$ cat target30.cif   # mmCIF, C-alpha atoms
data_work
loop_
_atom_site.label_atom_id
_atom_site.label_comp_id
_atom_site.auth_asym_id
_atom_site.auth_seq_id
_atom_site.Cartn_x
_atom_site.Cartn_y
_atom_site.Cartn_z
CA MET A 25 117.08 -200.74 1.74
CA THR A 26 114.38 -202.20 -0.48
CA ARG A 27 111.61 -199.84 -1.35
CA CYS A 28 108.10 -201.22 -1.17
CA ALA A 29 104.86 -200.00 -2.72
CA CYS A 30 102.89 -202.52 -0.68
CA THR A 31 99.60 -201.72 0.94
CA VAL A 32 99.09 -202.11 4.66
CA PRO A 33 96.56 -204.33 6.42
CA GLU A 34 92.99 -203.13 6.36
CA SER A 35 91.66 -201.51 9.53
CA GLY A 36 87.91 -201.59 9.08
CA ASP A 37 86.53 -198.29 7.90
CA ALA A 38 89.84 -196.38 8.11
CA ALA A 39 88.81 -193.66 5.69
CA ILE A 40 87.64 -190.43 7.27
CA LEU A 41 84.22 -189.76 5.83
CA ASP A 42 83.93 -186.09 6.79
CA GLN A 43 85.97 -184.34 4.11
CA SER A 44 86.15 -180.95 5.85
CA GLU A 45 89.79 -180.05 6.34
CA PRO A 46 90.52 -178.37 9.69
CA ARG A 47 93.19 -175.70 10.05
CA LEU A 48 95.97 -176.43 12.49
CA GLU A 49 96.16 -172.98 14.00
CA ASP A 50 97.42 -174.04 17.42
CA GLN A 51 98.20 -177.09 19.54
CA ALA A 52 94.60 -177.43 20.69
CA ALA A 53 93.38 -177.62 17.09
CA PHE A 54 96.09 -180.15 16.29
CA ASP A 55 95.21 -182.30 19.31
CA ALA A 56 91.55 -182.33 18.30
CA ALA A 57 92.50 -183.35 14.76
CA LEU A 58 94.82 -186.07 16.10
CA ASP A 59 92.01 -187.48 18.25
CA ARG A 60 89.80 -187.56 15.17
CA LEU A 61 92.52 -189.34 13.18
CA LEU A 62 93.15 -191.93 15.91
CA ALA A 63 89.43 -192.64 16.18
CA ALA A 64 89.35 -193.33 12.44
CA ASP A 65 92.45 -195.53 12.17
CA GLU A 66 93.44 -197.83 15.01
CA ARG A 67 96.65 -198.79 13.18
CA LEU A 68 98.10 -195.48 14.39
CA HIS A 69 97.60 -196.15 18.10
CA PRO A 70 100.93 -198.02 18.52
CA LEU A 71 102.76 -195.02 17.03
CA VAL A 72 101.38 -192.75 19.73
CA ALA A 73 102.26 -195.34 22.37
CA GLU A 74 105.86 -195.35 21.19
CA ALA A 75 106.41 -191.73 20.17
CA GLY A 76 103.86 -189.83 22.24
CA ARG A 77 101.53 -187.15 20.93
CA PRO A 78 103.41 -184.89 18.50
CA ALA A 79 103.75 -181.15 18.92
CA LEU A 80 102.38 -178.98 16.14
CA ARG A 81 105.09 -177.54 13.90
CA ARG A 82 104.28 -174.13 12.47
CA ARG A 83 106.12 -171.39 10.60
CA ALA A 84 105.13 -167.98 9.34
CA PRO A 85 102.99 -167.98 6.17
CA GLY A 86 103.84 -166.06 3.02
CA PHE A 87 107.27 -165.49 1.52
CA ALA A 88 109.01 -165.68 4.91
CA GLY A 89 107.79 -169.20 5.53
CA LEU A 90 108.41 -170.39 1.99
CA ALA A 91 111.92 -168.93 2.06
CA ALA A 92 112.61 -170.70 5.35
CA VAL A 93 111.53 -174.02 3.82
CA VAL A 94 113.86 -173.47 0.85
CA ILE A 95 116.74 -172.52 3.14
CA ALA A 96 116.24 -175.70 5.16
CA GLN A 97 116.33 -178.05 2.17
CA GLN A 98 118.98 -180.78 2.58
CA LEU A 99 120.29 -179.28 5.83
CA SER A 100 120.17 -180.35 9.45
CA VAL A 101 117.77 -178.42 11.66
CA SER A 102 120.63 -176.67 13.48
CA ALA A 103 122.42 -175.67 10.27
CA ALA A 104 119.20 -174.39 8.70
CA ARG A 105 118.36 -172.27 11.74
CA ALA A 106 121.85 -170.78 11.82
CA ILE A 107 121.80 -169.86 8.14
CA GLU A 108 118.26 -168.51 8.33
CA GLY A 109 119.31 -166.30 11.23
CA ARG A 110 122.24 -164.88 9.27
CA VAL A 111 120.07 -164.31 6.20
CA VAL A 112 117.46 -162.51 8.31
CA ALA A 113 120.21 -160.28 9.73
CA THR A 114 121.56 -159.60 6.24
CA LEU A 115 118.08 -158.56 5.08
CA GLY A 116 117.62 -156.20 7.99
CA GLY A 117 115.52 -158.29 10.36
CA GLY A 118 113.09 -160.37 8.32
CA LEU A 119 112.66 -162.71 5.36
CA ASP A 120 111.06 -160.11 3.11
CA ALA A 121 110.72 -160.59 -0.65
CA ASP A 122 111.43 -156.96 -1.50
CA ALA A 123 114.46 -156.89 0.76
CA LEU A 124 115.78 -160.06 -0.82
CA LEU A 125 115.43 -158.61 -4.32
CA ARG A 126 117.46 -155.59 -3.18
CA ALA A 127 120.10 -157.68 -1.42
CA ASP A 128 123.60 -158.22 -2.76
CA PRO A 129 123.88 -161.90 -3.82
CA ILE A 130 127.43 -161.91 -2.47
CA ALA A 131 126.12 -160.93 0.97
CA LEU A 132 123.53 -163.70 0.80
CA ARG A 133 126.26 -166.19 -0.09
CA ALA A 134 128.32 -164.92 2.84
CA ALA A 135 125.33 -165.59 5.10
CA GLY A 136 125.57 -169.27 4.16
CA LEU A 137 123.18 -169.70 1.24
CA SER A 138 124.35 -171.79 -1.67
CA ALA A 139 124.44 -170.14 -5.08
CA ALA A 140 121.50 -172.34 -6.13
CA LYS A 141 119.38 -171.23 -3.16
CA VAL A 142 120.21 -167.57 -3.81
CA ARG A 143 118.98 -168.02 -7.38
CA THR A 144 115.86 -169.89 -6.24
CA LEU A 145 114.88 -167.37 -3.57
CA THR A 146 115.49 -164.46 -5.93
CA ALA A 147 113.41 -166.11 -8.65
CA ILE A 148 110.57 -166.83 -6.19
CA ALA A 149 110.56 -163.25 -4.92
CA LYS A 150 110.44 -161.95 -8.48
CA ALA A 151 107.68 -164.37 -9.50
CA LEU A 152 105.57 -163.27 -6.54
CA ASP A 153 106.21 -159.64 -7.37
CA ASP A 154 105.18 -160.31 -10.99
CA GLY A 155 101.95 -161.96 -9.86
CA ILE A 156 102.76 -165.40 -11.29
CA VAL A 157 101.55 -166.95 -8.02
CA ASP A 158 99.38 -165.44 -5.29
CA LEU A 159 100.24 -167.14 -2.01
CA SER A 160 96.98 -166.02 -0.44
CA ALA A 161 95.00 -167.79 -3.18
CA VAL A 162 95.95 -171.25 -1.95
CA ASP A 163 93.73 -170.82 1.13
CA ALA A 164 90.65 -171.65 -0.91
CA MET A 165 92.21 -174.59 -2.76
CA GLU A 166 92.10 -178.29 -1.94
CA ALA A 167 95.49 -179.36 -0.56
CA ASP A 168 96.76 -181.28 -3.59
CA ALA A 169 95.60 -178.56 -5.97
CA ALA A 170 97.25 -175.92 -3.79
CA ALA A 171 100.55 -177.82 -3.87
CA ALA A 172 100.40 -178.16 -7.66
CA TYR A 173 99.68 -174.42 -7.95
CA LEU A 174 102.72 -173.56 -5.83
CA THR A 175 105.00 -175.54 -8.15
CA ARG A 176 104.51 -172.75 -10.68
CA LEU A 177 107.13 -170.92 -8.61
CA PRO A 178 110.72 -171.40 -9.78
CA GLY A 179 112.54 -174.13 -7.91
CA ILE A 180 109.49 -175.29 -5.96
CA GLY A 181 108.70 -178.99 -6.25
CA MET A 182 105.88 -180.93 -4.67
CA TRP A 183 107.80 -181.73 -1.47
CA THR A 184 108.52 -178.05 -0.79
CA ALA A 185 104.95 -177.09 -1.68
CA ASP A 186 103.46 -179.70 0.65
CA ILE A 187 105.80 -178.72 3.50
CA TYR A 188 104.87 -175.05 3.04
CA LEU A 189 101.17 -175.86 3.16
CA LEU A 190 101.53 -178.02 6.25
CA PHE A 191 103.92 -175.95 8.34
CA CYS A 192 103.26 -172.41 7.13
CA GLN A 193 99.54 -172.54 6.46
CA GLY A 194 98.49 -175.22 8.92
CA ARG A 195 96.79 -177.28 6.22
CA ALA A 196 95.74 -180.51 7.93
CA ASP A 197 95.58 -182.48 4.68
CA ALA A 198 98.90 -181.44 3.14
CA PHE A 199 101.09 -184.53 2.81
CA PRO A 200 104.54 -185.02 1.17
CA PRO A 201 104.70 -188.69 0.09
CA GLY A 202 108.21 -188.12 -1.30
CA ASP A 203 109.60 -187.42 2.18
CA LEU A 204 112.21 -190.06 3.02
CA ALA A 205 111.56 -190.05 6.77
CA LEU A 206 107.84 -190.57 6.22
CA GLN A 207 108.55 -193.46 3.84
CA VAL A 208 110.86 -195.14 6.35
CA ALA A 209 108.46 -194.55 9.24
CA ALA A 210 105.53 -196.02 7.31
CA GLY A 211 107.57 -199.08 6.39
CA GLU A 212 108.50 -199.67 10.02
CA ALA A 213 105.09 -198.81 11.46
CA PHE A 214 103.13 -201.07 9.13
CA GLY A 215 105.57 -203.99 8.84
CA LEU A 216 106.46 -203.50 5.20
CA PRO A 217 109.58 -205.28 3.87
CA GLY A 218 111.28 -201.94 3.29
CA ARG A 219 110.48 -198.27 3.20
CA ALA A 220 107.34 -197.35 1.35
CA SER A 221 107.65 -195.85 -2.10
CA ALA A 222 106.23 -192.40 -2.69
CA GLN A 223 103.38 -193.97 -4.65
CA GLY A 224 102.76 -196.57 -1.95
CA LEU A 225 102.80 -194.01 0.84
CA ALA A 226 100.40 -191.76 -1.05
CA ALA A 227 98.03 -194.72 -1.38
CA ILE A 228 98.29 -195.52 2.34
CA ALA A 229 97.61 -191.88 3.20
CA GLU A 230 94.34 -191.85 1.26
CA ASP A 231 92.72 -193.44 4.32
CA TRP A 232 93.68 -190.37 6.36
CA ARG A 233 92.04 -187.65 4.27
CA PRO A 234 91.44 -184.87 5.24
CA LEU A 235 94.00 -185.31 8.04
CA ARG A 236 97.01 -186.59 6.14
CA GLY A 237 99.18 -183.78 7.50
CA VAL A 238 98.29 -184.79 11.06
CA ALA A 239 99.36 -188.33 10.22
CA ALA A 240 102.61 -186.93 8.81
CA HIS A 241 103.36 -185.26 12.15
CA LEU A 242 102.78 -188.58 13.89
CA LEU A 243 104.97 -190.52 11.45
CA TRP A 244 107.79 -187.98 11.84
CA ALA A 245 107.52 -188.27 15.63
CA PHE A 246 107.62 -192.07 15.35
CA TYR A 247 110.66 -191.90 13.05
CA GLY A 248 112.48 -189.59 15.47
CA ALA A 249 111.61 -191.65 18.55
CA ARG A 250 112.98 -194.82 17.00
CA ARG A 251 116.25 -193.22 16.00
CA LYS A 252 116.78 -191.61 19.37
CA ARG A 253 116.10 -194.93 21.01
CA THR A 254 118.63 -196.74 18.81
CA GLY A 255 121.20 -193.97 19.01
CA ALA A 256 121.08 -193.25 15.28
CA PRO A 257 121.38 -189.66 14.05
CA THR A 258 118.13 -187.76 13.56
#

$ encode --input "target30.cif" --output "structure tokens"
Amino acid sequence: MTRCACTVPESGDAAILDQSEPRLEDQAAFDAALDRLLAADERLHPLVAEAGRPALRRRAPGFAGLAAVVIAQQLSVSAARAIEGRVVATLGGGLDADALLRADPIALRAAGLSAAKVRTLTAIAKALDDGIVDLSAVDAMEADAAAAYLTRLPGIGMWTADIYLLFCQGRADAFPPGDLALQVAAGEAFGLPGRASAQGLAAIAEDWRPLRGVAAHLLWAFYGARRKRTGAPT
């Protein structure tokens, strides 16, 4: 499929002028943020009509949440949940950095982690223990700066950092423009000739600050609704 860095049609004053970023602590906070987003950009109304109002997706913050994001990379939801459950059992009941550093790598491999993910999780746990990154420090950072800061951790790229901020910290403005599903959804939603490029999607999302993460939830819901409707795998 052709990738497109095209812009989408203008929608009046689509940019959100109030730059305060809400925290998506619960569904009520998410719904309020979604209403604010829809009031600012009417181009998103057809997505809600087709996909419905999305549910907030949240995970635990800290190492447990970051580890879960790493475990889920390049896996189906069901496979990721199964492996995470086995890893949690191997570690004694939780995704704890200290427990992971003490764990036998062979046992972690037996739980379903690839060798690369064992190395990544071990390196992250050690980097946190060494103080290279302070996960609590990202609370006070702007979303893009927080994502860049998290990439100091071994094996953490911008996609993983943005997903952590959005799902584990409830950052309403965290947005992963490199996400394939978001690129496809934007292309379909806005009538582009193909899926948006990462650069093109990032440009589109500028109109949604400081609620880009809320828009991401809506785009994912739209992507999923279309594939369920057509019978394609999700």

$ residues_around --input "target30.cif" --residues "segment 147-160 of chain A" --least-positions-apart "6" --cutoff "12 Å" --atoms "all atoms listed in the file" --output "ChimeraX atom specification"
/A:85-91,94,119-127,140-141,170-180,185,188-189,192-193

$ write_last_selection --input "target30.cif" --atoms "C-alpha atoms" --output "PDB file, keeping the file's coordinate frame"
ATOM      1  CA  PRO A  85     102.990-167.980   6.170  1.00  0.00           C
ATOM      2  CA  GLY A  86     103.840-166.060   3.020  1.00  0.00           C
ATOM      3  CA  PHE A  87     107.270-165.490   1.520  1.00  0.00           C
ATOM      4  CA  ALA A  88     109.010-165.680   4.910  1.00  0.00           C
ATOM      5  CA  GLY A  89     107.790-169.200   5.530  1.00  0.00           C
ATOM      6  CA  LEU A  90     108.410-170.390   1.990  1.00  0.00           C
ATOM      7  CA  ALA A  91     111.920-168.930   2.060  1.00  0.00           C
ATOM      8  CA  VAL A  94     113.860-173.470   0.850  1.00  0.00           C
ATOM      9  CA  LEU A 119     112.660-162.710   5.360  1.00  0.00           C
ATOM     10  CA  ASP A 120     111.060-160.110   3.110  1.00  0.00           C
ATOM     11  CA  ALA A 121     110.720-160.590  -0.650  1.00  0.00           C
ATOM     12  CA  ASP A 122     111.430-156.960  -1.500  1.00  0.00           C
ATOM     13  CA  ALA A 123     114.460-156.890   0.760  1.00  0.00           C
ATOM     14  CA  LEU A 124     115.780-160.060  -0.820  1.00  0.00           C
ATOM     15  CA  LEU A 125     115.430-158.610  -4.320  1.00  0.00           C
ATOM     16  CA  ARG A 126     117.460-155.590  -3.180  1.00  0.00           C
ATOM     17  CA  ALA A 127     120.100-157.680  -1.420  1.00  0.00           C
ATOM     18  CA  ALA A 140     121.500-172.340  -6.130  1.00  0.00           C
ATOM     19  CA  LYS A 141     119.380-171.230  -3.160  1.00  0.00           C
ATOM     20  CA  ALA A 170      97.250-175.920  -3.790  1.00  0.00           C
ATOM     21  CA  ALA A 171     100.550-177.820  -3.870  1.00  0.00           C
ATOM     22  CA  ALA A 172     100.400-178.160  -7.660  1.00  0.00           C
ATOM     23  CA  TYR A 173      99.680-174.420  -7.950  1.00  0.00           C
ATOM     24  CA  LEU A 174     102.720-173.560  -5.830  1.00  0.00           C
ATOM     25  CA  THR A 175     105.000-175.540  -8.150  1.00  0.00           C
ATOM     26  CA  ARG A 176     104.510-172.750 -10.680  1.00  0.00           C
ATOM     27  CA  LEU A 177     107.130-170.920  -8.610  1.00  0.00           C
ATOM     28  CA  PRO A 178     110.720-171.400  -9.780  1.00  0.00           C
ATOM     29  CA  GLY A 179     112.540-174.130  -7.910  1.00  0.00           C
ATOM     30  CA  ILE A 180     109.490-175.290  -5.960  1.00  0.00           C
ATOM     31  CA  ALA A 185     104.950-177.090  -1.680  1.00  0.00           C
ATOM     32  CA  TYR A 188     104.870-175.050   3.040  1.00  0.00           C
ATOM     33  CA  LEU A 189     101.170-175.860   3.160  1.00  0.00           C
ATOM     34  CA  CYS A 192     103.260-172.410   7.130  1.00  0.00           C
ATOM     35  CA  GLN A 193      99.540-172.540   6.460  1.00  0.00           C
TER      36      GLN A 193
END

$ closest_residue --input "target30.cif" --among "A:Ala113, A:Ala209, A:Val142, A:Leu132" --to "Gly248 of chain A" --atoms "only C-alpha atoms"
A:Ala209

$ closest_atom_pairs --input "target30.cif" --of "segment 128-221 of chain A" --to "segment 53-77 of chain A" --cutoff "10 Å" --atoms "all atoms listed in the file" --output "Markdown table"
| residue | atom | partner | partner_atom | distance |
| --- | --- | --- | --- | --- |
| A:Gly194 | CA | A:Phe54 | CA | 9.2 |
| A:Ala196 | CA | A:Ala57 | CA | 8.1 |
| A:Ala209 | CA | A:Leu71 | CA | 9.7 |
| A:Ala213 | CA | A:Leu71 | CA | 7.1 |
| A:Phe214 | CA | A:Arg67 | CA | 8.0 |

$ atom_distance --input "target30.cif" --atom1 "atom CA of Gly237 of chain A" --atom2 "atom CA of Gly118 of chain A"
27.2 Å

$ closest_residue --input "target30.cif" --among "A:Gly218, A:Gly202, A:Pro46, A:Gly136" --to "Val112 of chain A" --atoms "all atoms listed in the file"
A:Gly136

$ residues_around --input "target30.cif" --residues "Leu99 of chain A" --least-positions-apart "4" --cutoff "12 Å" --atoms "only C-alpha atoms" --output "list in words"
Ala92, Val93, Val94, Ile95, Ala103, Ala104, Arg105, Ala106, Ile107, Glu108, Gly136, Leu137, Ser138 and Thr258 of chain A

$ closest_residue --input "target30.cif" --among "A:Glu49, A:Glu166, A:Glu212, A:Asp197" --to "His241 of chain A" --atoms "only C-alpha atoms"
A:Asp197

$ closest_residue --input "target30.cif" --among "A:Ala227, A:Ala52, A:Ala249, A:Ile187" --to "Phe199 of chain A" --atoms "only C-alpha atoms"
A:Ile187

$ atom_distance --input "target30.cif" --atom1 "atom CA of Glu230 of chain A" --atom2 "atom CA of Tyr247 of chain A"
20.1 Å

$ atom_distance --input "target30.cif" --atom1 "atom CA of Gln97 of chain A" --atom2 "atom CA of Thr184 of chain A"
8.4 Å

$ closest_residue --input "target30.cif" --among "A:Val238, A:Leu243, A:Gly109, A:Asp203" --to "Gln51 of chain A" --atoms "only C-alpha atoms"
A:Val238

$ closest_residue --input "target30.cif" --among "A:Ala131, A:Leu80, A:Leu225, A:Leu235" --to "Ser44 of chain A" --atoms "only C-alpha atoms"
A:Leu235
